[in-house]
Structures are given as structure tokens and as C-alpha cells.
Amino acid sequence: MTTPIKQVVEQYYEAWKTGDISKFLFAPDFTFDGPILSFASPEPFFEMARQNFPLVKDVKLLETIYSENKAFVMLEFVTNTPIGSWIAIDYFLVEDGKIKYSRTVYDPRKLIEFMQAQ
């Protein structure tokens, strides 16, 4: 039996909150598109997540819309940095209980400025 889409998506955000990479349920051919980075497989996404877990203070789901195999989530991504937080929209395509594709949309200007200052 496959994992329901709501559980798959909520577990994705638990991974960000807890720093537990095993909570990401990705298909072997997972791809990700974001405003700064894109990945064509899970491994580079895992590496990016490991680097950024220490910056994550909280992830607040503000609104969710689920269909049989797709989800849209509006969230507040809260950091423990001078950036503070930002609002993002995440789109997921889930097949057989695994995230096959994810796209994140947000204004990256504060994050880019912070990264350049490091």
C-alpha cells in the first residue's frame, strides 16, 4: 500500500523541521526546481538540505490543497538567521507514495544577500 499524499507532504516538512533526511520520501528519479537551485536526482537535494538544516527554525504550513497525486502548499519558512522568514509556494507531484517532482517558488533576494555575506 502506498503512503497517502498528505502524509508524504507533511513528512517532507518534518524532515526540514527535524533535520532528519530519512523523512524525505523521494522517488529514484526525483527532480526539484527552485528559484536558486535545481536538482535532477535526490542526492544533490539531500546535500543541500544537510547544509541548510541548521538554519531552519520552523516550517509553518499556512494553506494546503491536495488532489490524488498533486499538492500545493503555502508555507512560512522560518530561519534562525537575520533573514527571518519568507513565504513560499511548493508544488509536489507524488507517484506510488514518493515525491517525483517538487517546485518551490519564493522571492530569493534576502536569502541571496545572506548567502553572499557569509
# chains A, B, ... in the order shown; residues from 1 in each chain; ligands from 1

$ residues_around --residues "Ser102 (chain A)" --least-positions-apart "2" --cutoff "7 Å" --atoms "only C-alpha atoms" --output "MDAnalysis selection string"
chainID A and resid 31:33 90:93 104

$ select_by_dssp --residues "region 12-109 of chain A" --states "helix (DSSP H, G or I)" --output "number ranges by chain"
A: 12-18, 21-23, 42-55, 109

$ closest_residue --among "A:Met115, A:Gly97, A:Lys110, A:Ala27" --to "Ser41 (chain A)" --atoms "only C-alpha atoms"
A:Ala27

$ closest_residue --among "A:Tyr101, A:Asn52, A:Asp96, A:Tyr66" --to "Thr81 (chain A)" --atoms "only C-alpha atoms"
A:Asn52

$ atom_distance --atom1 "CA of Val78 (chain A)" --atom2 "CA of Glu43 (chain A)"
24.0 Å

$ closest_atom_pairs --of "region 29-100 of chain A" --to "region 5-21 of chain A" --cutoff "8 Å" --atoms "only C-alpha atoms" --output "JSON lines"
{"residue": "A:Phe46", "atom": "CA", "partner": "A:Ile21", "partner_atom": "CA", "distance": 6.8}
{"residue": "A:Ala49", "atom": "CA", "partner": "A:Trp16", "partner_atom": "CA", "distance": 7.7}
{"residue": "A:Arg50", "atom": "CA", "partner": "A:Gly19", "partner_atom": "CA", "distance": 7.3}
{"residue": "A:Phe53", "atom": "CA", "partner": "A:Gly19", "partner_atom": "CA", "distance": 5.3}
{"residue": "A:Pro54", "atom": "CA", "partner": "A:Gly19", "partner_atom": "CA", "distance": 7.7}
{"residue": "A:Val56", "atom": "CA", "partner": "A:Lys17", "partner_atom": "CA", "distance": 6.6}
{"residue": "A:Lys57", "atom": "CA", "partner": "A:Lys17", "partner_atom": "CA", "distance": 7.0}
{"residue": "A:Asp58", "atom": "CA", "partner": "A:Lys17", "partner_atom": "CA", "distance": 5.7}
{"residue": "A:Val59", "atom": "CA", "partner": "A:Lys17", "partner_atom": "CA", "distance": 6.4}
{"residue": "A:Tyr66", "atom": "CA", "partner": "A:Lys6", "partner_atom": "CA", "distance": 7.0}
{"residue": "A:Glu68", "atom": "CA", "partner": "A:Ile5", "partner_atom": "CA", "distance": 7.2}
{"residue": "A:Asn69", "atom": "CA", "partner": "A:Ile5", "partner_atom": "CA", "distance": 6.5}
{"residue": "A:Lys70", "atom": "CA", "partner": "A:Ile5", "partner_atom": "CA", "distance": 7.5}
{"residue": "A:Ala71", "atom": "CA", "partner": "A:Ile5", "partner_atom": "CA", "distance": 7.6}
{"residue": "A:Phe92", "atom": "CA", "partner": "A:Val9", "partner_atom": "CA", "distance": 7.8}
{"residue": "A:Val94", "atom": "CA", "partner": "A:Ile5", "partner_atom": "CA", "distance": 6.7}
{"residue": "A:Gly97", "atom": "CA", "partner": "A:Ile5", "partner_atom": "CA", "distance": 6.6}
{"residue": "A:Lys98", "atom": "CA", "partner": "A:Val8", "partner_atom": "CA", "distance": 7.0}
{"residue": "A:Ile99", "atom": "CA", "partner": "A:Val8", "partner_atom": "CA", "distance": 7.5}

$ atom_distance --atom1 "CA of Pro28 (chain A)" --atom2 "CA of Pro42 (chain A)"
6.9 Å

$ residues_around --residues "Tyr106 (chain A)" --least-positions-apart "6" --cutoff "12 Å" --atoms "only C-alpha atoms" --output "NGL selection string"
:A and (33-36 or 74-77 or 85-91 or 112)

$ write_last_selection --atoms "C-alpha atoms" --output "tab-separated table (two decimals), in the first residue's frame"
chain	number	residue	atom	x	y	z
A	33	ASP	CA	13.19	23.20	-9.31
A	34	GLY	CA	13.67	26.26	-7.14
A	35	PRO	CA	14.48	29.93	-7.60
A	36	ILE	CA	18.17	29.41	-6.76
A	74	MET	CA	1.69	27.82	1.01
A	75	LEU	CA	4.12	27.95	3.88
A	76	GLU	CA	6.21	30.20	6.05
A	77	PHE	CA	9.82	29.06	6.17
A	85	SER	CA	11.23	34.11	7.39
A	86	TRP	CA	9.69	34.07	3.94
A	87	ILE	CA	6.51	32.84	2.32
A	88	ALA	CA	6.84	30.11	-0.30
A	89	ILE	CA	4.58	28.05	-2.51
A	90	ASP	CA	5.55	24.40	-3.00
A	91	TYR	CA	4.13	22.12	-5.68
A	112	ILE	CA	20.90	35.51	-1.75

$ select_by_dssp --residues "chain A" --states "strand (DSSP E)" --output "PyMOL selection string"
chain A and resi 26-33+38-39+56-66+70-79+85-95+98-105
